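What follows is the content of data-v6.txt, which has compact mmCIF, C-alpha atoms and all ligand atoms:
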```txt
# COMPACT_ATOMS: atom_id res chain seq x y z
CA TYR A 5 25.84 -8.94 13.59
CA VAL A 6 25.77 -12.59 14.59
CA PRO A 7 22.26 -13.87 15.23
CA PRO A 8 21.65 -15.98 18.34
CA ALA A 9 21.77 -19.75 17.83
CA TYR A 10 18.45 -21.10 16.58
CA ASP A 11 16.71 -23.45 18.97
CA GLY A 12 13.34 -23.70 17.19
CA PRO A 13 11.88 -26.71 15.36
CA PRO A 14 13.62 -28.01 12.19
CA ALA A 15 12.55 -26.64 8.80
CA GLU A 16 10.91 -29.98 7.84
CA GLU A 17 8.53 -29.73 10.78
CA ILE A 18 7.60 -26.13 9.96
CA LEU A 19 7.02 -27.16 6.36
CA ARG A 20 4.76 -30.04 7.41
CA LYS A 21 2.67 -27.75 9.61
CA ARG A 22 2.48 -25.14 6.88
CA SER A 23 1.16 -27.71 4.38
CA GLU A 24 -1.35 -29.03 6.86
CA PHE A 25 -2.54 -25.91 8.67
CA LEU A 26 -1.96 -22.93 6.39
CA SER A 27 -3.79 -21.76 3.28
CA PRO A 28 -3.19 -23.89 0.17
CA SER A 29 -2.76 -20.66 -1.81
CA LEU A 30 0.71 -20.13 -0.34
CA PHE A 31 3.64 -20.97 -2.60
CA HIS A 32 7.42 -21.19 -2.35
CA PHE A 33 9.85 -19.15 -4.42
CA TYR A 34 12.68 -21.61 -3.99
CA LYS A 35 13.31 -25.31 -4.72
CA LYS A 36 14.28 -25.78 -1.09
CA PRO A 37 11.96 -23.61 1.03
CA LEU A 38 13.69 -20.94 3.05
CA ASN A 39 13.27 -20.82 6.83
CA ILE A 40 13.96 -17.26 8.03
CA VAL A 41 14.52 -16.87 11.75
CA ASP A 42 16.23 -13.48 12.23
CA GLY A 43 16.32 -10.07 10.60
CA LYS A 44 18.78 -7.23 11.11
CA MET A 45 18.61 -4.06 8.99
CA GLN A 46 18.96 -5.10 5.30
CA TYR A 47 19.75 -8.73 6.10
CA LEU A 48 17.81 -11.89 6.91
CA PHE A 49 19.22 -15.04 8.50
CA ASP A 50 18.12 -18.67 8.14
CA GLU A 51 18.19 -21.32 10.88
CA SER A 52 21.84 -22.12 10.19
CA GLY A 53 22.79 -18.47 10.73
CA ARG A 54 23.39 -17.94 6.99
CA ARG A 55 22.99 -14.28 5.98
CA TYR A 56 20.97 -13.08 2.98
CA LEU A 57 20.66 -9.59 1.54
CA ASP A 58 16.90 -9.00 1.67
CA ALA A 59 16.34 -7.28 -1.66
CA PHE A 60 12.59 -8.01 -1.53
CA GLY A 61 12.17 -6.13 1.76
CA GLY A 62 9.19 -8.17 2.97
CA ILE A 63 7.39 -7.16 -0.28
CA ALA A 64 8.54 -3.52 -0.35
CA THR A 65 7.61 -3.09 3.28
CA VAL A 66 10.73 -2.96 5.43
CA CYS A 67 11.93 0.56 4.68
CA CYS A 68 14.24 1.47 7.54
CA GLY A 69 15.65 -2.02 8.13
CA HIS A 70 14.61 -5.18 9.95
CA CYS A 71 14.28 -4.77 13.71
CA HIS A 72 15.47 -1.17 13.64
CA PRO A 73 16.37 -0.28 17.28
CA ASP A 74 14.43 3.04 17.29
CA VAL A 75 11.29 1.38 15.95
CA ILE A 76 11.58 -1.51 18.42
CA GLU A 77 12.06 0.93 21.29
CA ALA A 78 8.98 2.95 20.30
CA ILE A 79 6.90 -0.23 20.04
CA ILE A 80 8.11 -1.60 23.39
CA ASN A 81 7.57 1.69 25.22
CA GLN A 82 4.07 2.05 23.83
CA THR A 83 3.21 -1.61 24.49
CA LYS A 84 4.24 -1.22 28.13
CA ARG A 85 2.08 1.87 28.56
CA LEU A 86 -1.01 1.08 26.51
CA GLN A 87 -1.30 -1.71 23.96
CA HIS A 88 -4.80 -1.03 22.81
CA SER A 89 -7.68 1.30 23.45
CA THR A 90 -10.19 2.61 20.96
CA VAL A 91 -10.36 5.65 18.74
CA VAL A 92 -13.47 6.58 20.69
CA TYR A 93 -11.04 7.82 23.38
CA LEU A 94 -8.24 10.30 22.88
CA ASN A 95 -4.73 8.95 22.44
CA HIS A 96 -1.69 10.94 21.42
CA ALA A 97 0.02 8.15 19.40
CA ILE A 98 -2.72 8.15 16.77
CA SER A 99 -3.03 11.95 16.61
CA ASP A 100 0.75 12.48 16.42
CA PHE A 101 1.17 10.00 13.59
CA ALA A 102 -1.80 11.48 11.70
CA GLU A 103 -0.27 14.95 11.98
CA ALA A 104 3.14 13.67 10.86
CA LEU A 105 1.65 11.91 7.82
CA ALA A 106 -0.36 14.98 6.85
CA SER A 107 2.80 17.10 7.03
CA LYS A 108 4.36 14.91 4.32
CA LEU A 109 1.47 15.49 1.89
CA PRO A 110 0.78 18.47 -0.35
CA GLY A 111 -2.16 20.85 -0.37
CA ASP A 112 -5.23 20.08 1.62
CA LEU A 113 -4.52 16.37 2.03
CA LYS A 114 -4.63 16.21 5.80
CA VAL A 115 -7.47 14.09 7.15
CA VAL A 116 -6.25 10.59 7.98
CA PHE A 117 -8.21 7.35 8.42
CA PHE A 118 -6.14 4.49 9.77
CA THR A 119 -6.57 0.92 8.52
CA ASN A 120 -4.66 -2.32 9.03
CA SER A 121 -3.50 -3.00 5.48
CA GLY A 122 -3.22 -1.65 1.96
CA THR A 123 -6.30 -3.58 0.87
CA GLU A 124 -8.45 -1.95 3.52
CA ALA A 125 -7.04 1.48 2.71
CA ASN A 126 -8.02 1.06 -0.96
CA GLU A 127 -11.44 -0.39 -0.06
CA LEU A 128 -12.10 2.70 2.02
CA ALA A 129 -10.76 5.08 -0.64
CA LEU A 130 -13.07 3.55 -3.27
CA MET A 131 -16.01 3.74 -0.89
CA ILE A 132 -15.31 7.40 -0.06
CA ALA A 133 -15.11 8.25 -3.76
CA ARG A 134 -18.36 6.44 -4.50
CA ILE A 135 -20.23 8.17 -1.70
CA TYR A 136 -18.74 11.58 -2.48
CA THR A 137 -19.55 11.45 -6.19
CA GLY A 138 -22.77 9.44 -6.01
CA CYS A 139 -21.31 7.29 -8.83
CA HIS A 140 -20.22 3.68 -8.89
CA ASP A 141 -17.90 3.49 -11.91
CA VAL A 142 -14.21 3.23 -11.11
CA ILE A 143 -11.33 3.14 -13.59
CA SER A 144 -8.11 1.31 -12.84
CA LEU A 145 -5.22 0.11 -14.96
CA ARG A 146 -4.75 -3.30 -16.53
CA ASN A 147 -1.75 -4.68 -14.70
CA SER A 148 -2.50 -2.95 -11.41
CA TYR A 149 -2.72 -4.53 -7.95
CA HIS A 150 -4.84 -2.79 -5.33
CA GLY A 151 -5.70 -5.58 -2.90
CA ASN A 152 -7.72 -8.74 -2.49
CA ALA A 153 -11.05 -7.92 -0.83
CA ALA A 154 -14.19 -7.67 -2.99
CA GLY A 155 -13.86 -4.02 -4.08
CA THR A 156 -10.11 -3.95 -4.43
CA MET A 157 -10.03 -7.29 -6.24
CA GLY A 158 -12.28 -5.59 -8.76
CA ALA A 159 -9.75 -2.80 -9.17
CA THR A 160 -6.86 -5.29 -9.33
CA ALA A 161 -6.46 -6.22 -12.95
CA GLN A 162 -4.61 -9.48 -13.38
CA SER A 163 -6.43 -12.82 -13.67
CA ASN A 164 -3.93 -14.62 -11.45
CA TRP A 165 -5.06 -12.44 -8.52
CA LYS A 166 -8.80 -12.70 -9.14
CA PHE A 167 -11.48 -15.15 -8.05
CA ASN A 168 -14.95 -15.37 -9.55
CA ILE A 169 -16.78 -13.21 -7.06
CA VAL A 170 -18.84 -10.11 -7.79
CA GLN A 171 -16.43 -7.28 -8.64
CA SER A 172 -18.75 -4.71 -10.09
CA GLY A 173 -18.25 -1.28 -11.57
CA VAL A 174 -14.57 -1.30 -12.47
CA HIS A 175 -13.31 -0.53 -15.98
CA HIS A 176 -9.71 -1.43 -16.77
CA ALA A 177 -7.79 0.99 -18.94
CA LEU A 178 -4.86 0.32 -21.27
CA ASN A 179 -1.66 0.12 -19.29
CA PRO A 180 0.79 2.94 -20.11
CA ASP A 181 3.57 0.35 -20.34
CA GLN A 182 6.69 1.80 -21.92
CA TYR A 183 8.29 -1.59 -22.62
CA ARG A 184 5.45 -3.52 -24.28
CA GLY A 185 2.70 -0.96 -24.78
CA VAL A 186 1.52 0.00 -28.27
CA PHE A 187 2.23 3.71 -27.76
CA GLY A 188 5.71 3.31 -26.27
CA ALA A 189 6.51 6.21 -23.93
CA ASP A 190 3.73 8.51 -25.20
CA GLY A 191 1.65 8.86 -22.02
CA GLU A 192 -0.98 11.13 -23.55
CA LYS A 193 -1.93 8.53 -26.17
CA TYR A 194 -2.62 5.91 -23.49
CA ALA A 195 -4.62 8.54 -21.58
CA ASN A 196 -7.12 8.71 -24.47
CA ASP A 197 -8.27 5.25 -23.49
CA VAL A 198 -9.49 6.58 -20.13
CA GLN A 199 -11.35 9.37 -21.91
CA GLU A 200 -12.97 6.75 -24.18
CA ILE A 201 -13.96 4.57 -21.24
CA ILE A 202 -15.65 7.59 -19.66
CA GLU A 203 -17.46 8.44 -22.92
CA TYR A 204 -18.45 4.94 -24.05
CA GLY A 205 -18.46 2.82 -20.90
CA THR A 206 -20.09 5.07 -18.29
CA SER A 207 -22.84 7.66 -18.00
CA GLY A 208 -20.14 10.30 -18.49
CA HIS A 209 -19.62 10.55 -14.75
CA VAL A 210 -17.24 8.41 -12.73
CA ALA A 211 -16.46 7.89 -9.07
CA ALA A 212 -12.71 7.51 -9.29
CA PHE A 213 -9.54 6.66 -11.12
CA ILE A 214 -7.11 4.65 -9.02
CA SER A 215 -3.51 3.84 -9.90
CA GLU A 216 -0.04 3.24 -8.57
CA ALA A 217 2.67 5.59 -9.84
CA ILE A 218 4.96 2.59 -10.28
CA GLN A 219 3.15 -0.75 -10.43
CA GLY A 220 4.75 -3.14 -7.98
CA VAL A 221 3.06 -6.54 -8.19
CA GLY A 222 2.57 -5.90 -11.92
CA GLY A 223 6.35 -6.07 -12.41
CA ILE A 224 7.75 -2.63 -11.47
CA GLN A 225 6.08 -0.79 -14.34
CA GLU A 226 6.56 2.96 -14.48
CA LEU A 227 3.65 4.83 -16.04
CA ALA A 228 4.60 6.56 -19.30
CA PRO A 229 5.40 10.27 -18.82
CA GLY A 230 2.49 12.62 -19.37
CA TYR A 231 -0.04 9.90 -18.61
CA LEU A 232 -1.21 10.84 -15.13
CA PRO A 233 -1.67 14.61 -15.73
CA ALA A 234 -3.83 13.89 -18.81
CA VAL A 235 -5.88 11.22 -17.05
CA TYR A 236 -6.37 13.30 -13.90
CA LYS A 237 -7.77 16.08 -16.13
CA SER A 238 -10.28 13.75 -17.85
CA VAL A 239 -11.36 12.17 -14.57
CA LYS A 240 -11.85 15.51 -12.84
CA GLN A 241 -13.92 16.72 -15.81
CA ALA A 242 -16.09 13.62 -15.39
CA GLY A 243 -16.64 14.53 -11.73
CA GLY A 244 -14.42 11.75 -10.40
CA LEU A 245 -11.77 11.67 -7.71
CA CYS A 246 -8.17 10.67 -8.37
CA ILE A 247 -6.78 8.10 -5.97
CA ALA A 248 -3.03 7.54 -5.68
CA ASP A 249 -2.26 4.05 -4.38
CA GLU A 250 1.07 4.68 -2.65
CA VAL A 251 1.03 1.39 -0.76
CA GLN A 252 4.17 0.15 -2.47
CA CYS A 253 5.80 3.10 -4.22
CA GLY A 254 5.25 5.73 -1.52
CA PHE A 255 7.18 6.63 1.61
CA ALA A 256 10.62 7.51 0.22
CA ARG A 257 11.12 4.29 -1.76
CA ILE A 258 11.51 5.92 -5.18
CA GLY A 259 14.28 8.18 -3.89
CA ASN A 260 13.87 11.43 -5.77
CA HIS A 261 10.40 11.98 -4.28
CA PHE A 262 8.70 10.94 -1.07
CA TRP A 263 5.52 9.90 -2.93
CA GLY A 264 5.21 8.27 -6.35
CA PHE A 265 2.58 10.73 -7.63
CA GLU A 266 5.01 13.63 -7.10
CA ALA A 267 7.17 12.22 -9.91
CA HIS A 268 4.24 12.91 -12.27
CA GLY A 269 3.49 16.44 -11.05
CA VAL A 270 -0.09 15.65 -10.01
CA VAL A 271 -1.96 16.12 -6.74
CA PRO A 272 -4.49 13.37 -5.99
CA ASP A 273 -7.74 13.76 -4.07
CA ILE A 274 -7.11 10.67 -1.98
CA VAL A 275 -3.82 8.94 -1.12
CA THR A 276 -3.66 5.39 0.23
CA MET A 277 -0.64 3.91 1.99
CA ALA A 278 0.49 0.87 4.02
CA LYS A 279 3.57 -1.42 3.85
CA GLY A 280 6.53 0.96 4.41
CA ILE A 281 4.67 3.29 6.75
CA GLY A 282 4.94 0.67 9.49
CA ASN A 283 8.24 -0.98 8.42
CA GLY A 284 6.40 -4.29 8.92
CA ILE A 285 3.96 -3.29 11.65
CA PRO A 286 0.46 -3.76 10.20
CA VAL A 287 -0.78 -0.24 9.58
CA GLY A 288 -2.37 1.46 6.61
CA ALA A 289 -3.96 4.83 6.00
CA VAL A 290 -6.19 6.83 3.70
CA VAL A 291 -5.54 10.56 3.54
CA THR A 292 -7.91 13.01 1.91
CA THR A 293 -9.13 16.59 2.14
CA PRO A 294 -11.43 17.88 4.91
CA GLU A 295 -14.16 18.45 2.32
CA ILE A 296 -14.08 14.90 0.95
CA ALA A 297 -13.64 13.41 4.45
CA GLN A 298 -16.99 14.95 5.41
CA VAL A 299 -18.79 12.10 3.65
CA LEU A 300 -17.88 9.82 6.54
CA ALA A 301 -19.33 12.21 9.12
CA ARG A 302 -22.78 10.99 8.16
CA ARG A 303 -22.23 7.62 9.89
CA SER A 304 -20.01 6.10 12.57
CA TYR A 305 -16.98 4.95 10.66
CA PHE A 306 -13.96 3.35 12.30
CA ASN A 307 -12.59 -0.11 12.94
CA THR A 308 -11.26 -1.91 16.00
CA PHE A 309 -7.57 -1.96 15.21
CA GLY A 310 -7.14 0.97 12.80
CA GLY A 311 -5.00 3.53 14.62
CA ASN A 312 -3.90 1.09 17.32
CA PRO A 313 -1.41 2.98 19.54
CA VAL A 314 1.40 0.41 19.15
CA CYS A 315 1.13 0.58 15.36
CA THR A 316 0.91 4.36 15.21
CA ALA A 317 3.75 4.87 17.72
CA GLY A 318 5.81 2.50 15.57
CA GLY A 319 4.79 4.38 12.42
CA LEU A 320 5.89 7.68 13.89
CA ALA A 321 9.26 6.16 14.80
CA VAL A 322 9.63 4.91 11.20
CA LEU A 323 9.03 8.40 9.86
CA ARG A 324 11.62 9.85 12.25
CA VAL A 325 14.20 7.22 11.25
CA LEU A 326 13.61 7.97 7.56
CA GLU A 327 14.39 11.61 8.25
CA LYS A 328 17.22 11.11 10.75
CA GLU A 329 19.06 8.60 8.58
CA LYS A 330 18.27 10.39 5.30
CA LEU A 331 16.96 7.16 3.81
CA GLN A 332 15.16 8.83 0.91
CA GLU A 333 18.49 10.31 -0.20
CA ASN A 334 20.11 6.89 0.23
CA ALA A 335 17.35 5.28 -1.84
CA PHE A 336 18.13 7.77 -4.59
CA LEU A 337 21.93 7.36 -4.46
CA VAL A 338 22.16 3.60 -4.04
CA GLY A 339 19.13 3.07 -6.31
CA SER A 340 20.68 5.10 -9.16
CA PHE A 341 23.99 3.26 -8.71
CA LEU A 342 22.25 -0.12 -8.73
CA LYS A 343 20.12 0.69 -11.77
CA ASP A 344 23.21 1.76 -13.64
CA ARG A 345 25.01 -1.48 -12.74
CA LEU A 346 21.94 -3.53 -13.78
CA ARG A 347 21.89 -1.72 -17.12
CA HIS A 348 25.52 -2.78 -17.64
CA LEU A 349 24.47 -6.33 -16.85
CA GLN A 350 21.74 -6.02 -19.47
CA GLU A 351 24.41 -5.24 -22.10
CA LYS A 352 26.17 -8.46 -21.16
CA HIS A 353 23.19 -10.85 -20.94
CA ASP A 354 20.59 -11.13 -23.71
CA ILE A 355 18.13 -12.66 -21.27
CA ILE A 356 17.71 -9.26 -19.56
CA GLY A 357 15.07 -7.55 -21.69
CA ASP A 358 14.46 -4.49 -19.56
CA VAL A 359 15.74 -2.71 -16.45
CA ARG A 360 13.36 -0.13 -14.99
CA GLY A 361 12.08 1.65 -11.91
CA MET A 362 13.21 4.43 -9.64
CA GLY A 363 15.18 4.62 -6.43
CA LEU A 364 14.96 1.31 -4.61
CA MET A 365 11.93 0.10 -6.52
CA LEU A 366 13.64 -1.58 -9.48
CA GLY A 367 12.58 -4.28 -11.93
CA VAL A 368 14.62 -6.58 -14.17
CA GLU A 369 12.55 -8.34 -16.82
CA LEU A 370 13.84 -11.62 -18.24
CA VAL A 371 12.98 -12.65 -21.80
CA THR A 372 14.06 -15.58 -23.95
CA ASP A 373 14.00 -13.40 -27.08
CA ARG A 374 14.73 -9.68 -26.90
CA GLU A 375 12.89 -8.84 -30.13
CA ALA A 376 9.75 -10.84 -29.37
CA LYS A 377 10.03 -10.03 -25.62
CA THR A 378 9.01 -13.60 -24.80
CA PRO A 379 8.73 -13.93 -21.00
CA ALA A 380 11.46 -16.19 -19.55
CA LYS A 381 9.35 -17.76 -16.81
CA ALA A 382 11.32 -20.89 -15.90
CA GLU A 383 14.63 -19.05 -16.16
CA THR A 384 13.43 -16.41 -13.67
CA LEU A 385 12.88 -19.06 -10.99
CA GLN A 386 16.21 -20.67 -11.85
CA VAL A 387 18.15 -17.41 -11.48
CA MET A 388 16.30 -16.60 -8.24
CA ASP A 389 17.38 -19.92 -6.84
CA GLN A 390 20.98 -19.32 -7.86
CA MET A 391 20.88 -15.83 -6.34
CA LYS A 392 19.63 -17.31 -3.11
CA GLU A 393 22.58 -19.69 -3.10
CA MET A 394 24.80 -16.59 -3.37
CA GLY A 395 23.05 -14.94 -0.42
CA VAL A 396 20.66 -12.57 -2.20
CA LEU A 397 16.85 -12.67 -2.10
CA VAL A 398 14.79 -10.81 -4.68
CA GLY A 399 11.05 -10.88 -5.38
CA LYS A 400 9.31 -11.61 -8.66
CA GLY A 401 6.24 -10.22 -10.32
CA GLY A 402 4.58 -9.22 -13.57
CA PHE A 403 1.73 -11.06 -15.25
CA HIS A 404 4.10 -13.85 -16.37
CA GLY A 405 6.19 -13.85 -13.21
CA ASN A 406 9.33 -13.02 -15.19
CA VAL A 407 10.32 -9.73 -13.55
CA PHE A 408 12.68 -9.53 -10.61
CA ARG A 409 11.37 -7.09 -8.04
CA ILE A 410 14.13 -5.31 -6.18
CA THR A 411 12.62 -3.48 -3.22
CA PRO A 412 15.13 -3.73 -0.35
CA PRO A 413 15.20 -1.78 2.90
CA LEU A 414 16.24 1.79 2.04
CA CYS A 415 19.40 1.48 4.15
CA ILE A 416 21.28 -0.80 1.72
CA THR A 417 24.79 0.23 0.73
CA LYS A 418 26.65 0.29 -2.59
CA GLU A 419 28.46 -2.87 -1.43
CA ASP A 420 25.08 -4.59 -1.04
CA ALA A 421 24.16 -3.38 -4.53
CA GLU A 422 27.44 -4.83 -5.90
CA LEU A 423 26.65 -8.14 -4.21
CA LEU A 424 23.20 -8.21 -5.82
CA VAL A 425 24.60 -7.49 -9.28
CA HIS A 426 27.30 -10.11 -8.79
CA ALA A 427 24.67 -12.70 -7.77
CA MET A 428 22.59 -11.88 -10.87
CA ASP A 429 25.61 -11.96 -13.19
CA LEU A 430 25.45 -15.65 -14.08
N1 LIG B 501 -1.81 -1.68 -3.24
C1 LIG B 501 -0.59 -2.00 -3.72
C2 LIG B 501 0.06 -1.10 -4.72
C3 LIG B 501 0.07 -3.16 -3.29
O1 LIG B 501 1.26 -3.47 -3.79
C4 LIG B 501 -0.57 -3.98 -2.32
C5 LIG B 501 0.08 -5.20 -1.85
O2 LIG B 501 1.01 -5.71 -2.40
C6 LIG B 501 -1.83 -3.59 -1.85
C7 LIG B 501 -2.40 -2.46 -2.32
C8 LIG B 501 -2.52 -4.42 -0.82
O3 LIG B 501 -1.89 -4.26 0.40
P1 LIG B 501 -2.03 -5.37 1.55
O4 LIG B 501 -1.32 -6.59 1.07
O5 LIG B 501 -1.39 -4.71 2.75
O6 LIG B 501 -3.48 -5.60 1.76
```
What would the structure in this file look like if it were written as structure tokens?
Amino acid sequence: YVPPAYDGPPAEEILRKRSEFLSPSLFHFYKKPLNIVDGKMQYLFDESGRRYLDAFGGIATVCCGHCHPDVIEAIINQTKRLQHSTVVYLNHAISDFAEALASKLPGDLKVVFFTNSGTEANELALMIARIYTGCHDVISLRNSYHGNAAGTMGATAQSNWKFNIVQSGVHHALNPDQYRGVFGADGEKYANDVQEIIEYGTSGHVAAFISEAIQGVGGIQELAPGYLPAVYKSVKQAGGLCIADEVQCGFARIGNHFWGFEAHGVVPDIVTMAKGIGNGIPVGAVVTTPEIAQVLARRSYFNTFGGNPVCTAGGLAVLRVLEKEKLQENAFLVGSFLKDRLRHLQEKHDIIGDVRGMGLMLGVELVTDREAKTPAKAETLQVMDQMKEMGVLVGKGGFHGNVFRITPPLCITKEDAELLVHAMDL
């Protein structure tokens, strides 16, 4: 693929406008900011036509590839017919996508509420749980990211993502972190902390426990085995609902399962999703059981754009591409290959403290001292810059910003994986 010649404004002009007219909270990953003008499957292109392997995937969002022809076709066809109406009227795009999503979920999880983002999906999930249980207390994990509106910022548990606004009613439990955590890989020991929060920090009843199965923003942290089943049991006993935030880890990304919670053998009461379900089209969803969904029947509850026909027609096309191109299987195969190669790299370079994750949701943590696990913050940025020079883009995360986040489109090949490892092998 050769992208068309770029005839837009020069990077310096875009940069000037960005500094003047966009939020001051935006930051650059690279010494020389990157101007991306084209995307094709797993690759991005800058204004000079230079190709990059997009191993960040638009923050774990582009699952079937940039500008996938089937997704574009579905969006164009729907846009030509009907770009927007309202959920007050019938429309098959929204109903078809809801049915398709429900068919991917276990048990009674089949009532879908569409939102425009992951944040909104989690806001709604927390609200549903609070109304359903009549309780306000929510438990989330230290190191989790659930969004940046008032309620979800409360559930998000890292100071660098929080502002001093009212974020009431959330208790943050010990993170079942297998690399740094005090109990190593013993999930049940970490789960005791949730039980203690329920006993000592609440009335004994809670509204919900919310967690990712693999923490994305928190630095690709897998929850210790045995943790979720034990916690789900405690939370259910305390009358609470269990919410699986699948915004980042769901939708085939982890390879061996379609959803992250399936890797832990639990069935949540509410599942939230966004990012990958639209492959970049802004769409999110909350899925729950008919019984729990009844709480919203007491009022009018919908929003203007949630379930927009262009977004839901696009979402349905994404789901079909995932199945047609067997992208979950590819995420498993290429992801396992890549993880193995990264582990070899770890043997060679002391700076790589940990390699973790599943499928195509992988993390590489850099440390200046393997024993002390001292975060290698400056080095992480340096290596990212060098990788960019070699044509590979990765994300970064973790509390100290010292973890590479590898969340590419699920269509990457073993050759792409080799290129990534080569670029990291400095
Ligand atoms: N939940 C998780 C696990 C996320 O990773 C994110 C975003 O990174 C969100 C929620 C918030 O989603 P959005 O940025 O679409 O609001």
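Of the listed residues A:Val359, A:Ile416, A:Val186, A:Val387, the one whose atoms come nearest to Met45 (chain A) is A:Ile416, with distances taken using all atoms listed in the file.
CA of Gln332 (chain A) to CA of Val271 (chain A) spans 20.1 Å [interatomic distance, one decimal].
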>> Residues contacting ligand LIG 501 (chain B) - anything with an atom at most 7 Å away, using all atoms listed in the file - can you give me those as a ChimeraX atom specification?
In response: /A:63,121-124,126,149-152,216,219-221,249-252,278-279
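Shortest separation to Ala125 (chain A) among A:Ile224, A:Val75, A:Ile98, A:Met277 occurs at residue A:Met277, atoms counted being all atoms listed in the file.
You will find CA of Leu232 (chain A) at 9.0 Å from CA of Ser215 (chain A).
Of the residues listed (A:Phe262, A:Ala153, A:Asp358, A:Tyr204), A:Asp358 shows the shortest atom-to-atom separation from Asp181 (chain A); distances use all atoms listed in the file.
Picture a line from CA of Gly318 (chain A) to CA of Gly288 (chain A); it runs 12.2 Å.
With distances taken over all atoms listed in the file, A:Ser89 is the one residue among A:Arg55, A:Leu424, A:Leu130, A:Ser89 lying closest to Asn307 (chain A).
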